[in-house]
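Data block for data.tsv (TSV, C-alpha atoms):
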```tsv
chain	number	residue	atom	x	y	z
A	1	MET	CA	176.17	87.80	88.86
A	2	ILE	CA	179.16	85.48	89.36
A	3	ALA	CA	180.04	86.93	92.75
A	4	GLN	CA	176.43	86.78	93.94
A	5	THR	CA	176.21	83.10	92.93
A	6	LEU	CA	179.38	82.33	94.85
A	7	TYR	CA	178.20	84.19	97.95
A	8	ALA	CA	174.85	82.42	97.89
A	9	ASN	CA	176.47	78.99	97.73
A	10	CYS	CA	178.94	79.88	100.47
A	11	GLN	CA	176.06	80.91	102.70
A	12	LYS	CA	174.29	77.65	101.87
A	13	HIS	CA	177.34	75.63	103.01
A	14	ALA	CA	178.13	77.87	106.01
A	15	ILE	CA	181.57	78.85	104.73
A	16	THR	CA	183.31	82.19	104.24
A	17	PRO	CA	184.89	82.92	100.84
A	18	LEU	CA	188.46	84.18	100.97
A	19	TYR	CA	189.33	84.17	97.30
A	20	ALA	CA	187.68	83.25	94.00
A	21	CYS	CA	189.09	83.35	90.50
A	22	GLU	CA	188.78	82.01	86.98
A	23	SER	CA	191.00	79.11	85.96
A	24	GLY	CA	191.36	77.10	82.78
A	25	SER	CA	191.15	78.50	79.26
A	26	ARG	CA	189.43	81.76	80.23
A	27	ALA	CA	192.27	82.63	82.62
A	28	TRP	CA	194.92	81.31	80.24
A	29	GLY	CA	193.75	83.62	77.45
A	30	PHE	CA	192.39	81.25	74.82
A	31	ALA	CA	188.77	80.56	75.68
A	32	SER	CA	186.51	79.56	72.81
A	33	SER	CA	183.02	80.92	72.32
A	34	ASP	CA	181.59	77.87	74.08
A	35	SER	CA	184.20	77.40	76.82
A	36	ASP	CA	182.91	76.62	80.30
A	37	PHE	CA	183.46	78.93	83.23
A	38	ASP	CA	185.96	77.23	85.57
A	39	VAL	CA	185.76	79.14	88.84
A	40	ARG	CA	188.03	78.16	91.71
A	41	MET	CA	187.65	79.28	95.29
A	42	ILE	CA	189.44	79.21	98.65
A	43	TYR	CA	187.25	79.44	101.73
A	44	LYS	CA	187.20	78.86	105.47
A	45	HIS	CA	184.78	77.22	107.88
A	46	THR	CA	183.81	78.32	111.37
A	47	PRO	CA	186.45	77.54	114.05
A	48	ASP	CA	184.41	74.61	115.43
A	49	TRP	CA	184.67	72.80	112.10
A	50	TYR	CA	188.42	72.36	112.57
A	51	MET	CA	188.05	70.80	116.03
A	52	SER	CA	186.81	67.37	114.90
A	53	ILE	CA	189.11	64.39	115.50
A	54	TYR	CA	188.23	63.21	111.98
A	55	GLU	CA	189.00	65.13	108.83
A	56	ASN	CA	185.93	66.69	107.27
A	57	LYS	CA	185.39	67.15	103.53
A	58	ASP	CA	187.70	70.00	102.54
A	59	THR	CA	186.50	70.57	98.99
A	60	LEU	CA	183.40	72.10	97.44
A	61	GLU	CA	182.00	71.46	93.98
A	62	PHE	CA	178.89	72.65	92.21
A	63	ILE	CA	177.84	73.33	88.66
A	64	THR	CA	174.95	75.31	87.23
A	65	HIS	CA	173.63	75.84	83.72
A	66	ASP	CA	171.33	78.71	84.69
A	67	LEU	CA	173.75	81.66	84.55
A	68	PHE	CA	175.18	81.48	81.03
A	69	ASP	CA	174.85	79.57	77.78
A	70	VAL	CA	177.78	77.39	78.91
A	71	PRO	CA	178.28	75.46	82.18
A	72	PHE	CA	179.35	77.46	85.24
A	73	ASP	CA	181.61	75.06	87.14
A	74	VAL	CA	182.89	75.89	90.63
A	75	GLY	CA	185.47	74.01	92.66
A	76	GLY	CA	186.82	75.13	96.02
A	77	TRP	CA	189.35	74.19	98.68
A	78	ASP	CA	189.26	74.84	102.39
A	79	ILE	CA	192.03	77.20	103.54
A	80	LYS	CA	193.88	74.38	105.31
A	81	LYS	CA	194.01	72.29	102.14
A	82	ALA	CA	195.12	75.32	100.13
A	83	LEU	CA	197.99	76.02	102.52
A	84	ILE	CA	199.11	72.38	102.43
A	85	HIS	CA	199.36	72.60	98.65
A	86	ILE	CA	201.29	75.87	98.85
A	87	HIS	CA	203.74	74.05	101.11
A	88	LYS	CA	204.09	71.38	98.37
A	89	SER	CA	204.57	74.05	95.66
A	90	ASN	CA	201.56	72.69	93.81
A	91	VAL	CA	201.02	74.43	90.46
A	92	VAL	CA	197.24	74.38	90.83
A	93	ILE	CA	197.10	76.64	93.87
A	94	PHE	CA	199.82	78.94	92.50
A	95	GLU	CA	197.90	79.40	89.25
A	96	TRP	CA	194.72	80.18	91.16
A	97	LEU	CA	196.45	82.84	93.21
A	98	TYR	CA	198.06	84.45	90.15
A	99	SER	CA	194.91	84.30	87.98
A	100	PRO	CA	194.26	87.49	85.98
A	101	ILE	CA	190.50	87.14	86.56
A	102	ILE	CA	189.45	87.53	90.20
A	103	TYR	CA	185.84	87.43	91.38
A	104	HIS	CA	186.40	87.82	95.11
A	105	CYS	CA	189.42	88.66	97.24
A	106	ASP	CA	189.60	89.05	101.01
A	107	ASP	CA	192.26	91.68	101.78
A	108	GLU	CA	193.57	90.00	104.93
A	109	PHE	CA	193.92	86.70	103.11
A	110	ILE	CA	195.74	88.01	100.05
A	111	TYR	CA	198.10	90.23	102.08
A	112	ALA	CA	199.08	87.20	104.12
A	113	ILE	CA	199.36	84.74	101.22
A	114	HIS	CA	201.22	86.52	98.45
A	115	PRO	CA	204.52	87.05	100.32
A	116	VAL	CA	204.79	83.38	101.26
A	117	LEU	CA	204.20	82.13	97.71
A	118	ILE	CA	207.75	83.12	96.87
A	119	GLU	CA	209.02	81.35	99.97
A	120	PHE	CA	207.49	78.02	98.96
A	121	PHE	CA	207.94	78.28	95.20
A	122	ASN	CA	209.95	75.27	93.96
A	123	PRO	CA	210.93	75.58	90.28
A	124	GLN	CA	211.74	71.88	89.95
A	125	ALA	CA	208.30	70.83	91.20
A	126	ILE	CA	206.57	73.38	88.94
A	127	TYR	CA	208.68	72.25	85.96
A	128	HIS	CA	207.83	68.59	86.51
A	129	HIS	CA	204.13	69.47	86.51
A	130	TYR	CA	204.27	71.34	83.20
A	131	GLN	CA	206.46	68.73	81.52
A	132	GLY	CA	204.21	65.92	82.73
A	133	LEU	CA	201.18	67.83	81.45
A	134	ALA	CA	202.84	68.42	78.07
A	135	LYS	CA	203.76	64.74	77.68
A	136	LYS	CA	200.24	63.65	78.57
A	137	ILE	CA	198.64	66.06	76.11
A	138	ASN	CA	201.10	65.26	73.32
A	139	ALA	CA	200.53	61.51	73.50
A	140	GLY	CA	198.83	60.39	70.33
A	141	MET	CA	198.55	63.89	68.81
A	142	ASP	CA	199.55	64.01	65.14
A	143	LEU	CA	200.39	67.61	64.28
A	144	THR	CA	200.45	66.87	60.56
A	145	LYS	CA	196.67	66.36	60.65
A	146	PRO	CA	193.86	68.76	61.69
A	147	ILE	CA	193.67	68.98	65.48
A	148	HIS	CA	191.51	70.49	68.20
A	149	LEU	CA	193.18	73.80	69.04
A	150	LYS	CA	192.25	73.50	72.71
A	151	LYS	CA	194.56	70.52	73.12
A	152	TRP	CA	197.41	72.16	71.23
A	153	CYS	CA	197.09	75.44	73.15
A	154	TYR	CA	197.33	73.48	76.40
A	155	LEU	CA	200.51	71.86	75.07
A	156	ILE	CA	202.11	75.11	73.92
A	157	ARG	CA	201.28	76.82	77.19
A	158	ALA	CA	202.89	74.02	79.19
A	159	LEU	CA	206.02	74.15	77.00
A	160	LEU	CA	206.22	77.95	77.21
A	161	ALA	CA	205.86	77.70	80.99
A	162	SER	CA	208.79	75.24	81.02
A	163	LEU	CA	210.82	77.66	78.91
A	164	TRP	CA	209.89	80.51	81.26
A	165	LEU	CA	211.20	78.50	84.20
A	166	LYS	CA	214.42	77.86	82.31
A	167	GLU	CA	214.88	81.58	81.63
A	168	TYR	CA	213.67	83.17	84.86
A	169	GLN	CA	213.22	80.51	87.58
A	170	THR	CA	210.00	82.25	88.65
A	171	MET	CA	206.35	81.23	88.47
A	172	PRO	CA	205.22	81.41	84.82
A	173	PRO	CA	202.39	83.84	84.05
A	174	VAL	CA	198.91	82.37	83.92
A	175	LEU	CA	198.00	84.32	80.78
A	176	ILE	CA	199.69	82.71	77.78
A	177	THR	CA	200.29	86.00	75.93
A	178	LYS	CA	202.55	87.14	78.78
A	179	MET	CA	205.04	84.45	77.66
A	180	PHE	CA	205.01	85.28	73.95
A	181	HIS	CA	208.11	87.47	74.25
A	182	LEU	CA	210.14	84.28	74.77
A	183	LEU	CA	209.63	83.64	71.04
A	184	GLY	CA	210.70	85.35	67.85
A	185	HIS	CA	208.61	88.10	66.32
A	186	ASP	CA	207.16	85.96	63.51
A	187	GLU	CA	206.39	83.13	65.93
A	188	GLN	CA	204.60	85.55	68.25
A	189	ASN	CA	202.43	86.83	65.40
A	190	GLU	CA	201.54	83.33	64.19
A	191	LEU	CA	200.77	82.13	67.70
A	192	GLN	CA	198.58	85.18	68.36
A	193	HIS	CA	196.71	84.44	65.12
A	194	ILE	CA	196.01	80.88	66.25
A	195	VAL	CA	194.81	82.10	69.65
A	196	ASP	CA	192.48	84.53	67.85
A	197	VAL	CA	191.14	81.69	65.70
A	198	LYS	CA	190.45	79.56	68.77
A	199	GLN	CA	188.66	82.39	70.55
A	200	HIS	CA	186.22	82.73	67.65
A	201	GLN	CA	185.52	79.03	67.11
A	202	HIS	CA	183.78	76.30	69.06
A	203	GLU	CA	185.78	73.74	71.04
A	204	SER	CA	185.04	71.10	68.41
A	205	HIS	CA	186.69	73.11	65.61
A	206	LEU	CA	189.52	71.32	63.78
A	207	TYR	CA	192.52	73.29	62.57
A	208	GLN	CA	195.53	72.42	60.45
A	209	LEU	CA	198.64	73.85	62.05
A	210	PRO	CA	200.96	75.69	59.67
A	211	LYS	CA	204.43	74.17	59.30
A	212	PRO	CA	206.18	76.95	61.31
A	213	MET	CA	203.97	76.15	64.33
A	214	ILE	CA	204.68	72.44	64.01
A	215	LYS	CA	208.38	73.31	63.94
A	216	LEU	CA	207.96	75.60	66.96
A	217	THR	CA	206.28	72.80	68.92
A	218	HIS	CA	209.19	70.46	68.26
A	219	GLN	CA	211.75	73.16	69.12
A	220	LEU	CA	210.07	73.94	72.43
A	221	TRP	CA	210.19	70.24	73.29
A	222	GLN	CA	213.91	70.15	72.54
A	223	HIS	CA	214.70	73.30	74.51
A	224	THR	CA	212.81	72.29	77.65
A	225	GLN	CA	213.78	68.65	78.16
A	226	HIS	CA	215.54	67.34	81.28
A	227	LEU	CA	215.99	70.68	83.02
A	228	LYS	CA	217.52	70.76	86.47
A	229	PHE	CA	217.18	73.62	88.92
A	230	ASP	CA	219.15	74.46	92.03
A	231	LYS	CA	217.67	72.70	95.00
A	232	LYS	CA	215.89	75.20	97.17
A	233	PRO	CA	215.58	74.60	100.91
A	234	LYS	CA	211.94	74.46	101.95
A	235	SER	CA	210.80	77.37	104.08
A	236	ASP	CA	209.50	76.91	107.59
A	237	VAL	CA	205.99	75.48	107.63
A	238	GLU	CA	205.29	77.65	110.68
A	239	LEU	CA	204.77	80.53	108.25
A	240	LEU	CA	201.74	78.70	106.90
A	241	ASN	CA	200.62	77.51	110.32
A	242	HIS	CA	200.56	81.12	111.46
A	243	ILE	CA	198.43	82.17	108.46
A	244	PHE	CA	196.03	79.29	109.08
A	245	GLN	CA	195.61	80.14	112.75
A	246	LYS	CA	195.12	83.82	112.02
A	247	LEU	CA	192.51	83.26	109.33
A	248	ALA	CA	190.66	80.29	110.81
A	249	PHE	CA	190.77	81.25	114.49
A	250	ASP	CA	191.43	84.98	114.28
A	251	LYS	CA	194.57	84.63	116.42
```

Could you render the structure as structure tokens?
Amino acid sequence: MIAQTLYANCQKHAITPLYACESGSRAWGFASSDSDFDVRMIYKHTPDWYMSIYENKDTLEFITHDLFDVPFDVGGWDIKKALIHIHKSNVVIFEWLYSPIIYHCDDEFIYAIHPVLIEFFNPQAIYHHYQGLAKKINAGMDLTKPIHLKKWCYLIRALLASLWLKEYQTMPPVLITKMFHLLGHDEQNELQHIVDVKQHQHESHLYQLPKPMIKLTHQLWQHTQHLKFDKKPKSDVELLNHIFQKLAFDK
């Protein structure tokens, strides 16, 4: 049903889907019973579309309430925009391409893209994203009072991703449970319990964090502040130019 909806909208807009995945809480592993579907897509236009002297709209958005009991939200980027953001080591595009839930995948596209992700991965840029996200989420949140678990799970995921970067200097997993081994056994069990609670409650549910999880939040902040990574020389943009020309113009 999801794939058919994507194909129908691609046909409507005269674009070819290259890749489509789930992002947000469903991909991160802590969706609630009423969480939206957040589908993200990379697509290409016909060759003529790229010949204009002016830049055309390189994003696609649509939302429908007809498929499920929750909104089905789709956002997409043209292949050129996606490659530009790979060159910038933008977390968004990296998370899309490592999503555990894939709805469509063009073989030629994925075989070309995955090897170059490592080439353009910049741990400092990725770290700054997750730390900035954590600081934004944490602002004004009082952990001693009942909170919305969605907000706290976003915070913990961002802090765990920062810790992952500190330990491995590789792209953190999209699925939060894949980072649980960075914690102690008791912390893993408590965190899994909270994730289970969130998955069985509505987004509006308020939850009082136990003291060990409040302590864990503070410890993760302390362990992931002001990290510096070795400066990595940026790979040749011609790698991405070649992929663009091959996919868009079949060269």

Residues within 6 Å of Ser89 (chain A), all atoms listed in the file, excluding chain neighbours under 5 positions, as a ChimeraX atom specification: /A:120-122

Please write the residues from the selection above to a file, keeping C-alpha atoms, as a PDB file, keeping the file's coordinate frame.
```
ATOM      1  CA  PHE A 120     207.490  78.020  98.960  1.00  0.00           C
ATOM      2  CA  PHE A 121     207.940  78.280  95.200  1.00  0.00           C
ATOM      3  CA  ASN A 122     209.950  75.270  93.960  1.00  0.00           C
TER       4      ASN A 122
END
```

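Closest to Leu247 (chain A) among A:Leu97, A:Leu60, A:Leu6, A:Ile110 is A:Ile110, based on all atoms listed in the file.
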
Find the spatial neighbours of Tyr103 (chain A), counting all atoms listed in the file, within a cut-off of 7 Å - ignore same-chain residues fewer than 5 positions away - and output them as a list in words. Ala3, Ala20 and Cys21 of chain A

Can I get the selected residues back with C-alpha atoms, as a compact mmCIF listing (two decimals), in the coordinates of the input?
```txt
# COMPACT_ATOMS: atom_id res chain seq x y z
CA ALA A 3 180.04 86.93 92.75
CA ALA A 20 187.68 83.25 94.00
CA CYS A 21 189.09 83.35 90.50
```

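Atom to atom, CA of Leu160 (chain A) and CA of Pro212 (chain A) stand 15.9 Å apart.
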
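Closest approach to Arg157 (chain A) from the set A:Lys80, A:Thr144, A:Lys57, A:Phe30 is made by A:Phe30, with distances taken over only C-alpha atoms.
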
Quick one: of A:Asp250, A:Asp69, A:Glu167, A:Asp78, who's nearest to Ser33 (chain A), counting only C-alpha atoms? A:Asp69

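For the choices A:Tyr130, A:Asp236, A:Trp96, A:Leu216, the atom-to-atom distance to Asp186 (chain A) is smallest for A:Leu216 when using only C-alpha atoms.
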
Proximity to Tyr98 (chain A) - best of A:His114, A:Lys145, A:Lys44, A:His85, only C-alpha atoms: A:His114

Restricting the calculation to only C-alpha atoms, which member of A:Val92, A:Ile84, A:Ala8, A:Leu143 is positioned closest to Phe244 (chain A)? A:Ile84

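Residue neighbourhood of Val197 (chain A), excluding near-sequence residues (fewer than 3 positions): Phe30, Ala31, Ser32, Ser33, His148, Leu149, Lys150, Cys153, Glu190, Leu191, Gln192, His193, Ile194, His200, Gln201, His202, Glu203, His205, Leu206, Tyr207, Gln208 and Leu209 of chain A, at 12 Å, using all atoms listed in the file.
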
Which residues come within 12 Å of Tyr43 (chain A), counting only C-alpha atoms, excluding same-chain residues fewer than 5 positions away, as a PyMOL selection string? chain A and resi 6-7+9-11+13-20+58-60+75-83+104-106+109+244+247-248

Val39 (chain A) surroundings by all atoms listed in the file, 6 Å radius, close-in-sequence under 5 positions cut, as a PyMOL selection string: chain A and resi 21-23+74

Provide an axis-aligned box for all listed atoms of region 89-104 of chain A, padding each side by 4 Å; report its centre and its edge lengths in Å to one decimal, as JSON.
```
{"center_x": 195.2, "center_y": 80.3, "center_z": 90.8, "size_x": 26.7, "size_y": 23.1, "size_z": 17.7}
```

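Distance-wise, CA of Trp152 (chain A) and CA of Asn138 (chain A) end up 8.1 Å apart.
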
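Taking CA of Lys228 (chain A) as the reference point, CA of Ser25 (chain A) is found at 28.4 Å.
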
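A cut-off of 12 Å from the point (207.0, 74.3, 107.6), with all atoms listed in the file, picks out the residues A:Leu83, A:Ile84, A:His85, A:Ile86, A:His87, A:Lys88, A:Val116, A:Glu119, A:Phe120, A:Pro233, A:Lys234, A:Ser235, A:Asp236, A:Val237, A:Glu238, A:Leu239, A:Leu240, A:Asn241, A:His242, A:Ile243.
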
As a CSV table (one decimal), in the frame of the given file, could you write out region 60-71 of chain A once it has been completed with all heavy atoms?
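New file out.csv:
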```csv
chain,number,residue,atom,x,y,z
A,60,LEU,N,184.8,71.7,97.8
A,60,LEU,CA,183.4,72.1,97.4
A,60,LEU,C,183.3,72.1,95.9
A,60,LEU,O,184.2,72.6,95.2
A,60,LEU,CB,183.1,73.5,98.0
A,60,LEU,CG,181.7,74.1,97.6
A,60,LEU,CD1,180.6,73.3,98.2
A,60,LEU,CD2,181.7,75.6,98.0
A,61,GLU,N,182.2,71.5,95.4
A,61,GLU,CA,182.0,71.5,94.0
A,61,GLU,C,180.5,71.7,93.7
A,61,GLU,O,179.7,71.2,94.4
A,61,GLU,CB,182.4,70.1,93.3
A,61,GLU,CG,183.8,69.6,93.6
A,61,GLU,CD,183.9,68.9,94.9
A,61,GLU,OE1,182.9,68.3,95.4
A,61,GLU,OE2,185.1,68.8,95.5
A,62,PHE,N,180.3,72.5,92.7
A,62,PHE,CA,178.9,72.6,92.2
A,62,PHE,C,178.9,73.2,90.8
A,62,PHE,O,179.9,73.8,90.4
A,62,PHE,CB,178.0,73.5,93.1
A,62,PHE,CG,178.3,75.0,93.1
A,62,PHE,CD1,177.7,75.8,92.2
A,62,PHE,CD2,179.2,75.5,94.1
A,62,PHE,CE1,178.0,77.2,92.3
A,62,PHE,CE2,179.5,76.8,94.1
A,62,PHE,CZ,178.9,77.7,93.2
A,63,ILE,N,177.9,72.9,90.0
A,63,ILE,CA,177.8,73.3,88.7
A,63,ILE,C,176.4,73.8,88.4
A,63,ILE,O,175.4,73.2,88.9
A,63,ILE,CB,178.3,72.2,87.7
A,63,ILE,CG1,178.4,72.7,86.3
A,63,ILE,CG2,177.4,71.0,87.8
A,63,ILE,CD1,179.1,71.8,85.3
A,64,THR,N,176.3,74.8,87.6
A,64,THR,CA,175.0,75.3,87.2
A,64,THR,C,174.9,75.7,85.8
A,64,THR,O,176.0,76.1,85.2
A,64,THR,CB,174.5,76.5,88.1
A,64,THR,OG1,173.2,77.0,87.6
A,64,THR,CG2,175.5,77.7,87.9
A,65,HIS,N,173.8,75.5,85.1
A,65,HIS,CA,173.6,75.8,83.7
A,65,HIS,C,172.7,77.0,83.6
A,65,HIS,O,172.2,77.3,82.5
A,65,HIS,CB,173.1,74.6,83.0
A,65,HIS,CG,174.0,73.4,83.0
A,65,HIS,ND1,175.0,73.2,82.1
A,65,HIS,CD2,174.1,72.4,83.9
A,65,HIS,CE1,175.6,72.1,82.3
A,65,HIS,NE2,175.1,71.6,83.5
A,66,ASP,N,172.4,77.7,84.7
A,66,ASP,CA,171.3,78.7,84.7
A,66,ASP,C,171.9,80.1,84.4
A,66,ASP,O,171.1,81.0,84.1
A,66,ASP,CB,170.6,78.7,86.0
A,66,ASP,CG,169.9,77.4,86.3
A,66,ASP,OD1,169.5,76.7,85.3
A,66,ASP,OD2,169.7,77.0,87.5
A,67,LEU,N,173.2,80.3,84.6
A,67,LEU,CA,173.8,81.7,84.6
A,67,LEU,C,174.1,82.1,83.1
A,67,LEU,O,173.8,83.2,82.7
A,67,LEU,CB,175.0,81.8,85.4
A,67,LEU,CG,174.8,81.7,86.9
A,67,LEU,CD1,176.2,81.9,87.6
A,67,LEU,CD2,173.9,82.8,87.4
A,68,PHE,N,174.7,81.2,82.4
A,68,PHE,CA,175.2,81.5,81.0
A,68,PHE,C,174.8,80.4,80.0
A,68,PHE,O,174.1,79.4,80.4
A,68,PHE,CB,176.7,81.6,81.0
A,68,PHE,CG,177.2,82.6,82.0
A,68,PHE,CD1,177.8,82.2,83.2
A,68,PHE,CD2,177.2,84.0,81.8
A,68,PHE,CE1,178.2,83.1,84.2
A,68,PHE,CE2,177.6,84.9,82.7
A,68,PHE,CZ,178.2,84.5,83.9
A,69,ASP,N,175.1,80.6,78.8
A,69,ASP,CA,174.8,79.6,77.8
A,69,ASP,C,175.8,78.4,77.9
A,69,ASP,O,175.6,77.4,77.1
A,69,ASP,CB,175.0,80.2,76.4
A,69,ASP,CG,173.9,81.2,76.1
A,69,ASP,OD1,172.8,81.1,76.8
A,69,ASP,OD2,174.1,82.2,75.3
A,70,VAL,N,176.8,78.5,78.7
A,70,VAL,CA,177.8,77.4,78.9
A,70,VAL,C,177.8,77.0,80.4
A,70,VAL,O,177.4,77.8,81.2
A,70,VAL,CB,179.2,77.8,78.5
A,70,VAL,CG1,179.2,78.1,77.0
A,70,VAL,CG2,179.7,79.0,79.2
A,71,PRO,N,178.3,75.8,80.8
A,71,PRO,CA,178.3,75.5,82.2
A,71,PRO,C,179.1,76.4,83.0
A,71,PRO,O,180.2,76.9,82.6
A,71,PRO,CB,178.9,74.1,82.2
A,71,PRO,CG,178.6,73.5,80.8
A,71,PRO,CD,178.7,74.7,79.9
```
